[in-house]
Amino acid sequence: MSNVSVDATESAHNENQPENNTRRRFLTVATSVVGGVGAVGAAVPFIASWNPSARAKAAGADVEVDISGIEPGQLIRVMWRSKPVWVVRRTPEILEQLGKHEGELKDPNSEAEQQPVFAQNRFRSLKDEYLILVGICTHLGCSPQHLKGGAFEEIVEGVPDGFFCPCHGSKFDMAGRVFQNVPAPLNLVVPPYQFVDDATVIIGSEAEAV
């Protein structure tokens with residue numbers, strides 16, 4: 001009985017084998033297709049994450065600054081590419097002072113590439129009156145203080161206005177030029193910028209050469 005039972009089971013198994021093989025192949029293909037669709041579905045948001053976000057795009061965007069309200073001698077701060085940028089309206093006295101201490105500077109003629117070509121001059125600016133700098137020390141990335149009205153003379157004798165980095169003592173004049181014998185190796189960076197009119201400056205891009 002047991003043999004008959006075994007034979008009958010094996011016979012039934014053999015008779016159904018083609019059908020089982022067909023069903024197995026169908027299930028295998030179906031599973032592969034579903035798995036592939038799932039993988040593609042999972043990949044879409046992953047691949048999409050490679051595209052720059054709106055925030056990332058905005059991080060590199062130009063910044064338009066209204067300078068009409070800046071008083072002579074005043075400094076305002078704006079953010080550009082997550083960096084502080086200073087806009088200073090220099091007085092005639094400050095501009096005159098820039099020629100009196102160049103022997104104390106590391107790079108008085110701005111020979112190192114820390115500025116656009118248009119700012120490679122004594123004033124390091126497109127318009128003498130306005131100084132525009134990235135407010136980050138070229139030593140270790142601290143943000144210097146703006147000392148004016150004679151306060152800077154406590155740091156550098158005979159120079160009433162300038163920038164002082166309290167972290168390690170680096171000193172810069174009112175063109176962002178670094179003094180000798182301080183840790184900072186380079187002048188402060190002048191970002192690319194252009195004037196739209198007398199009241200507006202765009203930081204981040206230069207005007208096209210004519």
# chains A, B, ... in the order shown; residues from 1 in each chain; ligands from 1
$ residues_around --residues "A:Glu93" --least-positions-apart "4" --cutoff "12 Å" --atoms "only C-alpha atoms" --output "list in words"
Pro72, Gly73, Arg89, Gln97, Leu98, Gly99, Lys100, Asp128, Glu129, Lys148, Gly149, Val159, Pro160, Asp161 and Met174 of chain A
$ residues_around --residues "stretch 119-122 of chain A" --least-positions-apart "4" --cutoff "9 Å" --atoms "only C-alpha atoms" --output "list in words"
Leu98, Gly99, Pro108, Asn109, Ser110, Glu111, Glu113, Gln114, Gln115, Leu126, Ala175 and Val190 of chain A
$ atom_distance --atom1 "atom CA of A:Tyr130" --atom2 "atom CA of A:Val182"
25.7 Å
$ closest_residue --among "A:Ile76, A:Leu95, A:Ala207, A:Ala61" --to "A:Val117" --atoms "only C-alpha atoms"
A:Ala207
